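In what follows, a structure is listed as structure tokens, so that the remarks can point back to it.
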Amino acid sequence: MIWSLQAAPDLTDQQFDQWSKLLEERAGICLSDQQRVFLQTQVSMRMRELGHSDYSQYYNRVIDGVNGLMEWSVLIDRLVVKETSFFRHKPSIDFVRNYLQEKINNNDVNGSFDVWSVGCSSGEEPYSLGMTLNDCYEFARREPYYGIIASDISRAALTIAKTGVYPQRKVEMMEPHYRQRYFSQLENGRYQLGGALKERVCFNHANVLNISEMPTIKLDVIFCQNLLIYFRRWLRHEIMNAFVERLKPGGIIVIGLGEVVDWVHRDITRVAVDEVQAYTHK
Ligand SMILES: C[S@@+](CC[C@H](N)C(=O)[O-])C[C@H]1O[C@@H](n2cnc3c(N)ncnc32)[C@H](O)[C@@H]1O
């Protein structure tokens with residue numbers, strides 16, 4: 001029987017260890033034993049596309065030099081969970097809205113209001129933040145002056161993010177006034193995000209594990225949800241520490257509820273708001 005019609009061979013314990021170690025080393029993502037089938041399915045599907053039938057042979061290809069890195073960038077896209085939606089966690093987005101609103105009211109916004117969406121997937125998160133920030137400036141009758149950096153390890157997700165074209169079901173889930181204001185419907189029923197908002201967001205391919213090598217731009221808001229949960233506890237803490245280095249004085253870090261526990265930093269305090277896990281300078 002030809003390989004493409006065969007069921008994927010089972011990963012041995014040793015092969016599972018080898019692949020999950022590589023994923024953790026390179027992306028921070030820590031797989032549980034229950035995710036063995038997921039890993040096996042994704043890796044074997046890619047092997048099938050390339051005509052490989054042996055996990056170890058394909059592994060050697062992935063770790064081999066520059067070509068290996070190119071193959072890795074295809075494979076990693078299959079191994080990450082990219083699930084996202086517009087205004088996914090409304091209380092967190094509203095927290096950012098209130099934060100900026102208050103700064104504007106107190107005349108405390110000096111220059112550009114800068115946000116980083118870390119692990120932005122296909123762009124719904126940074127664009128939701130953009131719509132929210134626009135609301136704040138408009139409400140205050142001020143010219144919008146903000147920028148959003150949005151980064152992800154998946155090139156495929158970033159390609160979608162940059163085009164700003166989304167399926168009907170995703171766009172129709174958000175409040176109608178956002179859809180009417182920021183999107184136009186294409187002939188195929190999909191929605192295209194308008195240029196003005198798109199231009200506010202700068203998408204970057206970046207691995208958050210390399211945060212220490214990233215330029216140390218200072219930010220008002222670091223928004224990182226549904227990413228740290230895939231990392232080990234010590235790594236979550238290290239990344240939170242690195243986020244602190246990138247905050248403007250008084251800036252905020254907003255993560256997903258319960259994604260980091262037992263993290264303390266001498267300069268940082270948790271903000272007391274229900275349903276939101278956010279931190280600011282003491
Ligand atoms: C579940 S999605 C979350 C998207 C969005 N933040 C949200 O909450 O809706 C997780 C995203 O993190 C990205 N990711 C995973 N590991 C990463 C890493 N080491 N560096 C940067 N992005 C990563 C994935 O590609 C994926 O797009």
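Chain lettering (A, B, ...) mirrors the order of the structure tokens, residue numbering begins at 1 for each chain separately, and ligand numbering begins at 1 in order of display.
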
- Item | Exercise: segment 119-125 of chain A partners within 6 Å, only C-alpha atoms, chain neighbours under 2 positions left out, as a list in words |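 With the cut-off at 6 Å, the set is Lys82, Ser85, Phe86, Ser117, Tyr127, Ser128, Ala150, Ser151, Asp152, Ala157, Leu158, Ile160 and Ala161 of chain A.
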
Chain A residues near ligand 1 within 6 Å, closest pair each, using only C-alpha atoms and all ligand atoms, as a tab-separated table:
```
residue	atom	partner	partner_atom_place_in_ligand_line	distance
A:Ala27	CA	ligand 1	19 (N)	3.9
A:Gly28	CA	ligand 1	19 (N)	5.5
A:Val80	CA	ligand 1	25 (O)	5.1
A:Val81	CA	ligand 1	1 (C)	4.9
A:Lys82	CA	ligand 1	27 (O)	4.0
A:Glu83	CA	ligand 1	1 (C)	4.7
A:Thr84	CA	ligand 1	9 (O)	3.5
A:Ser85	CA	ligand 1	9 (O)	5.6
A:Arg88	CA	ligand 1	9 (O)	5.9
A:Gly119	CA	ligand 1	12 (O)	3.8
A:Cys120	CA	ligand 1	6 (N)	4.6
A:Ser121	CA	ligand 1	27 (O)	3.3
A:Glu125	CA	ligand 1	5 (C)	5.7
A:Asp152	CA	ligand 1	22 (N)	3.9
A:Ile153	CA	ligand 1	22 (N)	4.1
A:Ser154	CA	ligand 1	25 (O)	4.5
A:Ala206	CA	ligand 1	21 (C)	5.7
A:Asn207	CA	ligand 1	20 (N)	3.5
A:Val208	CA	ligand 1	20 (N)	3.9
A:Leu209	CA	ligand 1	19 (N)	5.5
A:Cys224	CA	ligand 1	6 (N)	5.9
A:Gln225	CA	ligand 1	8 (O)	4.3
A:Asn226	CA	ligand 1	8 (O)	4.6
A:Leu227	CA	ligand 1	10 (C)	4.7
```

Can you tell me, as an mmCIF file with C-alpha atoms, in the first residue's frame, what residues are no more than 12 Å from Tyr59 of chain A when counting only C-alpha atoms, ignoring any on the same chain fewer than 2 positions away?
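Everything below was put into selection-v3.cif:
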```cif
data_model
loop_
_atom_site.group_PDB
_atom_site.id
_atom_site.type_symbol
_atom_site.label_atom_id
_atom_site.label_comp_id
_atom_site.auth_asym_id
_atom_site.auth_seq_id
_atom_site.Cartn_x
_atom_site.Cartn_y
_atom_site.Cartn_z
ATOM 1 C CA GLN A 15 10.047 9.543 19.463
ATOM 2 C CA PHE A 16 7.306 11.348 21.399
ATOM 3 C CA ASP A 17 9.942 12.562 23.882
ATOM 4 C CA GLN A 18 12.205 13.673 21.074
ATOM 5 C CA TRP A 19 9.515 15.682 19.276
ATOM 6 C CA SER A 20 7.998 17.195 22.392
ATOM 7 C CA LYS A 21 11.454 18.221 23.620
ATOM 8 C CA LEU A 22 12.099 19.992 20.330
ATOM 9 C CA LEU A 23 8.767 21.803 20.538
ATOM 10 C CA VAL A 43 3.756 15.546 12.266
ATOM 11 C CA SER A 44 2.657 12.576 10.185
ATOM 12 C CA ARG A 46 3.381 16.941 7.187
ATOM 13 C CA MET A 47 5.619 13.903 6.604
ATOM 14 C CA HIS A 52 8.650 10.756 4.522
ATOM 15 C CA SER A 53 7.542 7.588 6.248
ATOM 16 C CA ASP A 54 9.906 7.583 9.194
ATOM 17 C CA TYR A 55 9.600 9.977 12.167
ATOM 18 C CA SER A 56 13.309 9.888 12.927
ATOM 19 C CA GLN A 57 14.294 10.581 9.340
ATOM 20 C CA ARG A 61 15.537 16.854 8.343
ATOM 21 C CA VAL A 62 13.880 19.378 10.692
ATOM 22 C CA ILE A 63 16.992 19.887 12.807
ATOM 23 C CA ASP A 64 19.357 20.111 9.828
ATOM 24 C CA GLY A 68 15.628 22.498 8.606
ATOM 25 C CA LEU A 69 14.690 25.909 9.967
ATOM 26 C CA GLU A 71 10.795 23.234 7.413
ATOM 27 C CA TRP A 72 10.382 24.003 11.125
ATOM 28 C CA LEU A 75 5.675 22.512 10.978
#
```

- Gap from atom CA of Asp77 of chain A to atom CA of Ile253 of chain A - Å, one decimal: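 Pair atom CA of Asp77 of chain A / atom CA of Ile253 of chain A returns 26.1 Å.
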
- Message: Quick one: residues within 12 Å of Arg142 of chain A, only C-alpha atoms, excluding same-chain residues fewer than 5 positions away - as a PyMOL selection string?
- Response: chain A and resi 101+104-105+107+109+133-137

- Among A:Tyr99, A:Tyr191, A:Phe38, A:Tyr230, Glu172 of chain A is approached most closely, using only C-alpha atoms, by A:Tyr191

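Rounded to one decimal, atom CA of Gln168 of chain A and atom CA of Gly194 of chain A lie 15.2 Å from each other.
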
- From a DSSP pass on the backbone, collect the residues of segment 36-199 of chain A flagged as alpha helix (DSSP H) and hand them back as number ranges by chain. A: 36-50, 55-62, 65-79, 90-105, 124-139, 155-163, 168-171, 176-182, 195-199

- Item | Atomic distance atom CA of Gly164 of chain A - atom CA of Ile93 of chain A, expressed in Å with one decimal |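 Answer for the atom CA of Gly164 of chain A to atom CA of Ile93 of chain A separation: 19.6 Å.
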
- Contact residues around Ile268 of chain A with only C-alpha atoms at 7 Å, ignoring same-chain residues under 5 positions, as a list in words: Tyr279, Thr280, His281 and Lys282 of chain A

- Query: Pick the closest to Cys30 of chain A from A:Met214, A:Leu79, A:Val66, A:Leu100: which is it, counting only C-alpha atoms?
  - Reply: A:Leu79

- Query: What are the DSSP strand (DSSP E or B) residues of segment 5-243 of chain A, as number ranges by chain?
  - Reply: A: 113-118, 146-152, 165-166, 183-185, 191-193, 201-205, 219-224

Expected file: the selected residues, C-alpha atoms, as a JSON list (two decimals), in the first residue's frame:
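Generated output (part_5.json):
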```json
[["chain", "number", "residue", "atom", "x", "y", "z"],
["A", 113, "PHE", "CA", -0.11, 55.15, 23.37],
["A", 114, "ASP", "CA", 1.74, 51.92, 22.58],
["A", 115, "VAL", "CA", 0.42, 48.39, 22.87],
["A", 116, "TRP", "CA", 1.95, 44.96, 22.27],
["A", 117, "SER", "CA", -0.30, 42.00, 21.51],
["A", 118, "VAL", "CA", 1.90, 38.96, 22.19],
["A", 146, "TYR", "CA", -1.56, 55.06, 19.19],
["A", 147, "GLY", "CA", 0.29, 52.09, 17.69],
["A", 148, "ILE", "CA", -0.03, 48.36, 18.17],
["A", 149, "ILE", "CA", 2.76, 45.85, 17.70],
["A", 150, "ALA", "CA", 1.41, 42.34, 17.23],
["A", 151, "SER", "CA", 3.65, 39.30, 17.13],
["A", 152, "ASP", "CA", 3.32, 35.57, 16.68],
["A", 165, "VAL", "CA", -9.94, 39.33, 5.66],
["A", 166, "TYR", "CA", -12.17, 37.23, 7.93],
["A", 183, "PHE", "CA", -15.42, 46.21, 7.76],
["A", 184, "SER", "CA", -16.76, 45.94, 4.25],
["A", 185, "GLN", "CA", -18.27, 42.75, 2.91],
["A", 191, "TYR", "CA", -15.27, 40.69, 5.45],
["A", 192, "GLN", "CA", -12.35, 43.01, 4.77],
["A", 193, "LEU", "CA", -11.01, 45.22, 7.52],
["A", 201, "VAL", "CA", -1.09, 47.49, 13.65],
["A", 202, "CYS", "CA", 2.43, 46.38, 12.86],
["A", 203, "PHE", "CA", 2.68, 42.59, 12.63],
["A", 204, "ASN", "CA", 5.97, 40.84, 13.38],
["A", 205, "HIS", "CA", 7.09, 37.27, 13.20],
["A", 219, "LEU", "CA", 4.91, 50.07, 26.10],
["A", 220, "ASP", "CA", 1.75, 51.28, 27.79],
["A", 221, "VAL", "CA", 0.02, 47.91, 27.50],
["A", 222, "ILE", "CA", 1.38, 44.39, 27.07],
["A", 223, "PHE", "CA", -1.55, 42.13, 26.25],
["A", 224, "CYS", "CA", -0.76, 38.42, 26.30]]
```

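Using only C-alpha atoms, the nearest neighbour of Tyr145 of chain A within the list A:Arg200, A:Arg236, A:Lys90, A:Arg48 is A:Arg200.
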
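Residue nearest Glu275 of chain A within the list A:His89, A:His237, A:Arg232, A:Lys218: A:His89 [criterion: smallest interatomic distance, only C-alpha atoms].
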